[in-house]
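**Q** What follows is upload.cif, made up of mmCIF, C-alpha atoms:
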data_run
#
loop_
_atom_site.label_atom_id
_atom_site.label_comp_id
_atom_site.auth_asym_id
_atom_site.auth_seq_id
_atom_site.Cartn_x
_atom_site.Cartn_y
_atom_site.Cartn_z
CA MET A 1 22.08 9.48 -72.88
CA ARG A 2 19.94 7.49 -70.54
CA ILE A 3 16.47 6.65 -71.52
CA ARG A 4 13.95 6.47 -68.73
CA HIS A 5 11.10 4.12 -69.07
CA ALA A 6 8.07 5.99 -67.79
CA GLY A 7 5.95 2.88 -67.57
CA ARG A 8 8.19 0.92 -65.21
CA GLU A 9 7.96 2.09 -61.57
CA ASP A 10 9.65 0.39 -58.65
CA THR A 11 7.12 -0.97 -56.23
CA THR A 12 8.13 -0.27 -52.61
CA GLU A 13 6.94 -2.96 -50.25
CA LEU A 14 6.29 -1.74 -46.70
CA GLN A 15 8.07 -3.82 -44.07
CA MET A 16 5.46 -4.67 -41.46
CA THR A 17 7.56 -6.95 -39.27
CA PRO A 18 9.34 -4.28 -37.13
CA MET A 19 6.11 -2.42 -36.55
CA ILE A 20 4.23 -5.53 -35.48
CA ASP A 21 7.18 -6.38 -33.25
CA ILE A 22 7.03 -3.03 -31.45
CA VAL A 23 3.25 -3.06 -31.25
CA PHE A 24 3.28 -6.46 -29.59
CA GLN A 25 5.97 -5.36 -27.17
CA LEU A 26 3.88 -2.34 -26.25
CA LEU A 27 0.86 -4.55 -25.79
CA VAL A 28 2.77 -6.93 -23.52
CA PHE A 29 4.05 -3.97 -21.46
CA PHE A 30 0.57 -2.57 -20.89
CA VAL A 31 -0.90 -5.99 -20.14
CA MET A 32 1.81 -6.68 -17.57
CA THR A 33 1.53 -3.28 -15.86
CA PHE A 34 -2.26 -3.27 -15.91
CA ARG A 35 -3.81 -3.25 -12.49
CA ILE A 36 -7.43 -2.57 -11.68
CA ALA A 37 -7.49 0.42 -9.33
CA LEU A 38 -10.56 0.17 -7.14
CA PRO A 39 -12.27 3.41 -6.21
CA GLU A 40 -11.12 4.66 -2.84
CA GLY A 41 -12.30 7.47 -0.65
CA ASP A 42 -11.16 9.37 2.39
CA PHE A 43 -12.49 10.37 5.76
CA SER A 44 -10.91 13.53 7.08
CA ILE A 45 -10.11 13.53 10.74
CA GLN A 46 -8.93 16.39 12.87
CA MET A 47 -5.88 15.68 14.91
CA PRO A 48 -4.42 18.97 16.09
CA SER A 49 -1.28 18.77 18.15
CA ALA A 50 -1.53 19.37 21.89
CA SER A 51 -0.35 22.99 21.60
CA ALA A 52 -2.67 23.79 18.70
CA SER A 53 -5.72 22.31 20.39
CA ALA A 54 -5.13 24.49 23.44
CA THR A 55 -5.54 27.64 21.36
CA LEU A 56 -8.74 26.52 19.66
CA GLU A 57 -12.00 28.20 20.49
CA PRO A 58 -14.08 26.41 23.10
CA GLN A 59 -16.95 24.31 21.78
CA THR A 60 -20.46 25.66 22.24
CA SER A 61 -21.92 22.16 22.49
CA PRO A 62 -20.17 19.33 24.32
CA THR A 63 -18.14 16.79 22.40
CA LEU A 64 -19.83 13.44 21.96
CA GLN A 65 -17.82 10.50 23.25
CA VAL A 66 -17.93 7.22 21.37
CA ARG A 67 -16.21 4.37 23.15
CA LEU A 68 -15.32 1.17 21.30
CA LYS A 69 -14.15 -1.70 23.47
CA ALA A 70 -12.37 -4.73 22.07
CA ARG A 71 -11.24 -8.18 23.06
CA ALA A 72 -7.56 -9.12 22.90
CA ASP A 73 -8.11 -10.57 19.40
CA GLY A 74 -9.42 -7.21 18.17
CA GLU A 75 -13.10 -8.13 17.94
CA LEU A 76 -15.56 -5.47 19.05
CA THR A 77 -17.30 -6.11 22.35
CA SER A 78 -19.23 -2.93 23.05
CA ILE A 79 -20.18 0.47 21.64
CA THR A 80 -21.16 3.33 23.90
CA LEU A 81 -22.21 6.87 23.10
CA ASP A 82 -21.77 9.23 26.04
CA GLY A 83 -21.97 6.23 28.36
CA THR A 84 -25.13 4.78 26.79
CA SER A 85 -24.68 1.32 25.35
CA MET A 86 -25.48 0.79 21.66
CA SER A 87 -26.40 -2.56 20.15
CA ASP A 88 -24.63 -1.97 16.83
CA PHE A 89 -23.48 0.75 14.44
CA THR A 90 -26.99 1.19 13.01
CA ASP A 91 -28.21 1.96 16.52
CA LEU A 92 -25.35 4.41 16.94
CA GLN A 93 -26.30 6.13 13.69
CA GLN A 94 -29.96 6.39 14.69
CA ARG A 95 -28.93 7.99 17.98
CA ILE A 96 -26.60 10.44 16.22
CA ARG A 97 -29.40 11.34 13.81
CA ARG A 98 -31.68 12.14 16.73
CA ILE A 99 -28.98 14.24 18.40
CA VAL A 100 -28.25 16.35 15.31
CA ARG A 101 -32.00 16.42 14.41
CA ASP A 102 -31.38 15.01 10.95
CA SER A 103 -34.47 15.46 8.78
CA ALA A 104 -32.92 13.59 5.84
CA GLY A 105 -33.79 16.49 3.59
CA PRO A 106 -31.89 17.19 0.41
CA GLY A 107 -28.74 19.21 0.76
CA GLU A 108 -28.70 18.81 4.52
CA SER A 109 -25.39 20.06 5.79
CA GLY A 110 -23.50 18.40 8.58
CA SER A 111 -23.75 19.36 12.21
CA ASP A 112 -21.03 21.47 13.83
CA ARG A 113 -20.80 19.10 16.75
CA GLU A 114 -17.66 17.09 17.40
CA VAL A 115 -17.18 13.42 18.15
CA GLU A 116 -14.24 11.90 19.93
CA ILE A 117 -13.65 8.21 19.28
CA ASP A 118 -11.99 6.34 22.08
CA CYS A 119 -10.81 2.87 21.02
CA ASP A 120 -8.93 0.03 22.60
CA TYR A 121 -5.44 -0.50 21.20
CA HIS A 122 -6.16 -3.94 19.74
CA LEU A 123 -9.46 -3.03 18.09
CA LYS A 124 -9.57 -3.97 14.43
CA TYR A 125 -9.37 -0.88 12.25
CA ASP A 126 -12.40 -2.02 10.25
CA TYR A 127 -14.66 -1.26 13.25
CA VAL A 128 -13.28 2.28 13.48
CA ILE A 129 -14.18 2.93 9.84
CA GLN A 130 -17.64 1.49 10.50
CA ALA A 131 -18.02 3.83 13.47
CA ILE A 132 -16.81 6.84 11.46
CA THR A 133 -19.25 5.91 8.67
CA ALA A 134 -22.12 5.72 11.17
CA ILE A 135 -21.18 9.07 12.70
CA SER A 136 -20.33 11.05 9.57
CA GLY A 137 -23.41 10.29 7.51
CA TYR A 138 -25.43 7.84 5.50
CA VAL A 139 -26.67 7.24 1.97
CA ASP A 140 -30.41 7.13 1.40
CA PRO A 141 -30.97 3.66 -0.10
CA GLU A 142 -33.85 4.87 -2.26
CA THR A 143 -32.55 8.17 -3.60
CA ARG A 144 -28.87 7.25 -3.19
CA THR A 145 -28.28 10.76 -1.85
CA PRO A 146 -25.58 11.14 0.78
CA HIS A 147 -26.58 12.89 4.00
CA LYS A 148 -24.00 14.38 6.31
CA LEU A 149 -24.27 14.07 10.06
CA ILE A 150 -21.13 14.94 12.03
CA GLU A 151 -17.90 15.52 10.18
CA ARG A 152 -15.73 16.78 13.00
CA ILE A 153 -14.24 13.54 14.22
CA ARG A 154 -11.09 12.97 16.21
CA PHE A 155 -9.41 10.21 18.12
CA ALA A 156 -9.08 10.27 21.88
CA PRO A 157 -5.51 10.05 23.22
CA LEU A 158 -4.02 6.62 22.72
CA GLN A 159 -4.41 4.08 25.50
CA LYS A 160 -2.75 0.69 25.65
CA MET B 1 1.72 -41.82 -68.20
CA ARG B 2 1.06 -38.34 -66.93
CA PHE B 3 3.64 -36.42 -65.02
CA TYR B 4 2.58 -33.82 -62.58
CA GLU B 5 4.85 -30.88 -62.42
CA SER B 6 5.87 -30.17 -58.89
CA LYS B 7 5.01 -26.51 -58.69
CA THR B 8 5.92 -24.48 -55.67
CA ALA B 9 2.78 -23.10 -54.12
CA PRO B 10 2.61 -19.29 -54.20
CA ALA B 11 3.35 -17.67 -50.83
CA SER B 12 0.01 -16.83 -49.29
CA LYS B 13 -0.10 -13.22 -48.13
CA GLY B 14 -2.37 -12.93 -45.15
CA ASP B 15 -4.20 -9.70 -44.64
CA LEU B 16 -2.62 -8.16 -41.55
CA THR B 17 -4.93 -5.17 -41.33
CA PRO B 18 -7.55 -6.66 -38.93
CA MET B 19 -4.86 -7.96 -36.60
CA ILE B 20 -3.04 -4.63 -36.46
CA ASP B 21 -6.38 -2.91 -36.00
CA MET B 22 -7.25 -5.11 -33.05
CA THR B 23 -3.80 -4.79 -31.51
CA PHE B 24 -3.90 -1.01 -31.66
CA GLN B 25 -7.32 -1.03 -30.04
CA LEU B 26 -6.00 -3.22 -27.24
CA ILE B 27 -3.04 -0.89 -26.73
CA ALA B 28 -5.35 2.11 -26.61
CA PHE B 29 -7.55 0.30 -24.04
CA PHE B 30 -4.65 -0.54 -21.73
CA MET B 31 -3.08 2.90 -22.16
CA LEU B 32 -6.27 4.58 -21.06
CA LEU B 33 -6.74 2.33 -18.06
CA VAL B 34 -3.19 2.19 -16.83
CA ASN B 35 -2.88 4.23 -13.68
CA PHE B 36 0.59 5.32 -12.71
CA THR B 37 -0.60 7.96 -10.26
CA ASP B 38 -2.17 5.42 -7.95
CA ALA B 39 0.99 3.42 -7.64
CA GLU B 40 0.70 4.00 -3.89
CA GLN B 41 -1.78 1.17 -3.61
CA ASP B 42 -0.05 -1.76 -2.04
CA GLN B 43 -1.94 -4.96 -2.78
CA ARG B 44 -1.23 -6.34 0.71
CA VAL B 45 -3.42 -3.66 2.26
CA ARG B 46 -7.07 -4.70 2.28
CA LEU B 47 -8.94 -1.50 2.97
CA PRO B 48 -12.07 -1.40 5.09
CA GLU B 49 -15.24 -0.76 3.13
CA SER B 50 -17.56 2.18 3.56
CA ILE B 51 -20.46 3.56 1.56
CA LEU B 52 -19.31 7.09 2.38
CA ALA B 53 -15.75 6.56 1.18
CA VAL B 54 -15.85 8.67 -1.95
CA PRO B 55 -12.88 10.19 -3.74
CA PRO B 56 -12.18 13.79 -2.65
CA ASP B 57 -13.73 16.56 -4.78
CA GLU B 58 -10.38 18.26 -5.25
CA PRO B 59 -6.97 16.63 -5.25
CA TYR B 60 -4.85 17.36 -2.19
CA GLU B 61 -2.33 20.12 -2.64
CA GLU B 62 0.40 18.13 -0.94
CA ARG B 63 0.00 14.59 0.22
CA LEU B 64 1.95 11.75 1.71
CA THR B 65 0.62 8.22 1.87
CA ILE B 66 1.44 5.91 4.75
CA GLN B 67 0.27 2.32 4.42
CA LEU B 68 -0.15 -0.15 7.23
CA ALA B 69 -0.34 -3.75 6.12
CA SER B 70 -1.21 -6.65 8.37
CA LYS B 71 1.50 -7.77 10.82
CA ASP B 72 2.25 -4.10 11.52
CA VAL B 73 4.36 -3.54 8.40
CA ILE B 74 4.49 0.16 7.57
CA ILE B 75 4.98 1.09 3.92
CA PHE B 76 6.05 4.62 3.15
CA ALA B 77 7.78 6.17 0.13
CA GLY B 78 8.46 2.78 -1.40
CA SER B 79 10.18 1.39 1.71
CA GLU B 80 8.99 -0.98 4.39
CA PHE B 81 9.46 -0.23 8.05
CA SER B 82 8.89 -2.40 11.06
CA SER B 83 9.19 0.33 13.69
CA LEU B 84 7.82 3.80 14.19
CA ASP B 85 11.33 5.23 14.65
CA GLN B 86 12.22 4.25 11.10
CA LEU B 87 9.00 5.86 9.86
CA SER B 88 9.74 9.04 11.82
CA ARG B 89 13.17 9.29 10.21
CA ALA B 90 11.67 8.90 6.72
CA LEU B 91 8.97 11.47 7.55
CA LEU B 92 11.62 13.89 8.76
CA VAL B 93 13.32 13.65 5.36
CA GLU B 94 9.98 14.36 3.66
CA LYS B 95 9.41 17.29 5.97
CA GLN B 96 12.81 18.75 5.07
CA ILE B 97 12.02 18.33 1.37
CA LEU B 98 8.69 20.13 1.85
CA GLU B 99 10.39 22.97 3.71
CA ALA B 100 13.04 23.24 1.01
CA ARG B 101 10.24 23.60 -1.53
CA GLU B 102 8.74 26.34 0.71
CA LYS B 103 5.61 24.29 1.38
CA LYS B 104 3.82 24.34 4.70
CA VAL B 105 4.07 21.06 6.56
CA SER B 106 0.74 21.71 8.26
CA ASP B 107 -0.98 21.94 4.84
CA THR B 108 0.22 18.51 3.81
CA THR B 109 -2.38 15.78 4.09
CA ILE B 110 -1.26 12.44 5.43
CA ILE B 111 -3.32 9.70 3.81
CA ILE B 112 -3.46 6.58 5.91
CA ARG B 113 -4.20 3.35 4.09
CA ALA B 114 -4.48 0.77 6.83
CA ASP B 115 -5.48 -2.85 6.53
CA ARG B 116 -8.91 -3.65 7.91
CA GLU B 117 -7.41 -6.20 10.30
CA SER B 118 -4.69 -3.91 11.63
CA LYS B 119 -4.76 -2.59 15.18
CA THR B 120 -6.35 0.81 15.67
CA GLY B 121 -3.66 1.60 18.24
CA LYS B 122 -1.01 1.20 15.58
CA VAL B 123 -2.85 3.66 13.33
CA GLN B 124 -3.02 6.10 16.22
CA GLU B 125 0.71 5.66 16.86
CA ILE B 126 1.40 6.54 13.22
CA ILE B 127 -0.79 9.64 13.59
CA GLN B 128 1.12 10.60 16.74
CA ALA B 129 4.46 10.16 14.95
CA CYS B 130 3.21 12.52 12.24
CA GLN B 131 1.91 15.02 14.78
CA THR B 132 5.30 15.33 16.42
CA LEU B 133 6.63 16.44 13.03
CA GLU B 134 3.81 19.03 12.74
CA PHE B 135 1.70 17.16 10.22
CA LEU B 136 -1.87 17.98 11.22
CA LYS B 137 -4.15 16.98 8.34
CA PHE B 138 -5.11 13.34 8.11
CA ALA B 139 -7.34 11.32 5.83
CA LEU B 140 -8.31 7.74 6.57
CA ARG B 141 -8.71 5.84 3.35
CA GLY B 142 -11.44 3.29 2.75
CA LYS B 143 -12.72 1.28 -0.16
CA GLN B 144 -15.94 2.43 -1.75
CA ALA B 145 -18.78 0.04 -0.92
CA GLU B 146 -21.97 -0.52 -2.84
CA VAL B 147 -25.15 1.03 -1.50
CA ARG B 148 -27.67 -1.69 -0.74
CA VAL B 149 -30.95 -0.83 -2.39
CA ARG B 150 -33.93 -1.58 -0.20
CA SER B 151 -36.18 -4.24 -1.71
CA PRO B 152 -39.87 -3.28 -2.23
CA SER B 153 -41.08 -5.99 0.18
CA ASN B 154 -39.24 -4.33 3.11
#
Spell out the structure here as structure tokens.
**A**
Amino acid sequence: MRIRHAGREDTTELQMTPMIDIVFQLLVFFVMTFRIALPEGDFSIQMPSASASATLEPQTSPTLQVRLKARADGELTSITLDGTSMSDFTDLQQRIRRIVRDSAGPGESGSDREVEIDCDYHLKYDYVIQAITAISGYVDPETRTPHKLIERIRFAPLQK
Amino acid sequence: MRFYESKTAPASKGDLTPMIDMTFQLIAFFMLLVNFTDAEQDQRVRLPESILAVPPDEPYEERLTIQLASKDVIIFAGSEFSSLDQLSRALLVEKQILEAREKKVSDTTIIIRADRESKTGKVQEIIQACQTLEFLKFALRGKQAEVRVRSPSN
């Protein structure tokens, strides 16, 4: 007959090494795959195909034409709105605000007018985004409230 | 003469708890910040900045991202293309996949991530290539810029 000694218990020692091993491997994986994703946003543009645009309803108010001319190296040389020269994008925005009668009130919805941007082939894309920003709205620097101006923006047919 | 007994020093057991604690916190931090969904952000593309570039309110139902890096390199679906014909072929495959899944091609949004230095004409050519395959919704992507707060003196 076996006699059990109630007082003597086997102490089980927890092996930490494999766990620490895995934990460090996980840590290395996440550190290596970590990449800071900067906040990005989109500007919607309307680019219906030629057949689709033919069936669209005619515009009640004429489309505004923004022309951006560029040098061969892509730098912007001139901005015109319906043939009127603009000094910069701020000027363009002020003119657009006058056209859509923007009162900068809260919750102001965008105008239903349309803008067609006509750019030179070599123009740097950065200027197009600046133009779209100037046309589509602005953020009040004091209240930080966004105000919409014209959201219906499209590109003119490509010209080389 | 006294003899010192050479005793073996007892193995010092360091307390591992704070280290494991810290390591788990680091893992939790990186796990929360890791972003696999935005893997479509090629680091070669330097987006133009805009104060109005804000993330969309609702995620797009169907979306395809075309990236245009400097030197006219087009990046789409993990591949690099140097010509628009190659892009058109890859887009055609995507279109067939969408149709097989009974999704409308016209409802798919094409997100264009173009480098700020790239030619606008090239962006327009990409849009045209998409239009010929009946993709009609486009979104031009920009980097969110800080709003400059007007100083009281102004």
**Q** What are the residues of chain A lining chain B at 8 Å or less? Count all atoms listed in the file, and put the answer as an mmCIF file with C-alpha atoms, in the frame of the given file.
**A**
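Listed below is the output, part.cif:
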data_model
loop_
_atom_site.group_PDB
_atom_site.id
_atom_site.type_symbol
_atom_site.label_atom_id
_atom_site.label_comp_id
_atom_site.auth_asym_id
_atom_site.auth_seq_id
_atom_site.Cartn_x
_atom_site.Cartn_y
_atom_site.Cartn_z
ATOM 1 C CA ILE A 20 4.230 -5.530 -35.480
ATOM 2 C CA VAL A 23 3.250 -3.060 -31.250
ATOM 3 C CA PHE A 24 3.280 -6.460 -29.590
ATOM 4 C CA LEU A 26 3.880 -2.340 -26.250
ATOM 5 C CA LEU A 27 0.860 -4.550 -25.790
ATOM 6 C CA PHE A 30 0.570 -2.570 -20.890
ATOM 7 C CA VAL A 31 -0.900 -5.990 -20.140
ATOM 8 C CA THR A 33 1.530 -3.280 -15.860
ATOM 9 C CA PHE A 34 -2.260 -3.270 -15.910
ATOM 10 C CA ARG A 35 -3.810 -3.250 -12.490
ATOM 11 C CA ALA A 37 -7.490 0.420 -9.330
ATOM 12 C CA LEU A 38 -10.560 0.170 -7.140
ATOM 13 C CA PRO A 39 -12.270 3.410 -6.210
ATOM 14 C CA GLU A 40 -11.120 4.660 -2.840
ATOM 15 C CA GLY A 41 -12.300 7.470 -0.650
ATOM 16 C CA ASP A 42 -11.160 9.370 2.390
ATOM 17 C CA PHE A 43 -12.490 10.370 5.760
ATOM 18 C CA SER A 44 -10.910 13.530 7.080
ATOM 19 C CA ILE A 45 -10.110 13.530 10.740
ATOM 20 C CA GLN A 46 -8.930 16.390 12.870
ATOM 21 C CA MET A 47 -5.880 15.680 14.910
ATOM 22 C CA PRO A 48 -4.420 18.970 16.090
ATOM 23 C CA SER A 49 -1.280 18.770 18.150
ATOM 24 C CA GLY A 74 -9.420 -7.210 18.170
ATOM 25 C CA CYS A 119 -10.810 2.870 21.020
ATOM 26 C CA ASP A 120 -8.930 0.030 22.600
ATOM 27 C CA TYR A 121 -5.440 -0.500 21.200
ATOM 28 C CA HIS A 122 -6.160 -3.940 19.740
ATOM 29 C CA LEU A 123 -9.460 -3.030 18.090
ATOM 30 C CA LYS A 124 -9.570 -3.970 14.430
ATOM 31 C CA TYR A 125 -9.370 -0.880 12.250
ATOM 32 C CA ASP A 126 -12.400 -2.020 10.250
ATOM 33 C CA VAL A 128 -13.280 2.280 13.480
ATOM 34 C CA ILE A 129 -14.180 2.930 9.840
ATOM 35 C CA GLN A 130 -17.640 1.490 10.500
ATOM 36 C CA THR A 133 -19.250 5.910 8.670
ATOM 37 C CA GLY A 137 -23.410 10.290 7.510
ATOM 38 C CA TYR A 138 -25.430 7.840 5.500
ATOM 39 C CA VAL A 139 -26.670 7.240 1.970
ATOM 40 C CA PRO A 141 -30.970 3.660 -0.100
ATOM 41 C CA GLU A 142 -33.850 4.870 -2.260
ATOM 42 C CA ARG A 144 -28.870 7.250 -3.190
ATOM 43 C CA PRO A 146 -25.580 11.140 0.780
ATOM 44 C CA PHE A 155 -9.410 10.210 18.120
ATOM 45 C CA LEU A 158 -4.020 6.620 22.720
ATOM 46 C CA GLN A 159 -4.410 4.080 25.500
ATOM 47 C CA LYS A 160 -2.750 0.690 25.650
#
**Q** Need to verify the contact set: Ala90 (chain B), 9 Å, all atoms listed in the file, exclusion of same-chain residues closer than 5 positions in sequence. Can you return it as a ChimeraX atom specification?
**A** /B:76-77,85,95
**Q** State, in Å with one decimal place, the distance from CA of Ile117 (chain A) to CA of Asp82 (chain A).
**A**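 Taking CA of Ile117 (chain A) and CA of Asp82 (chain A), their separation equals 10.6 Å.
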**Q** Starting from the displayed file, determine the output of the PyMOL selection byres ((chain A and resi 100) around 10) and express the residue list as a VMD selection string.
**A** chain A and resid 95 to 99 101 to 103 110 to 113 149 to 150
**Q** Distance CA of Ile153 (chain A)-CA of Leu81 (chain A), one decimal place?
**A**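 Computed distance, CA of Ile153 (chain A) to CA of Leu81 (chain A), equals 13.7 Å.
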**Q** Quick one: pull the distance between CA of Ser87 (chain A) and CA of Val66 (chain A), Å, one decimal.
**A** 13.0 Å
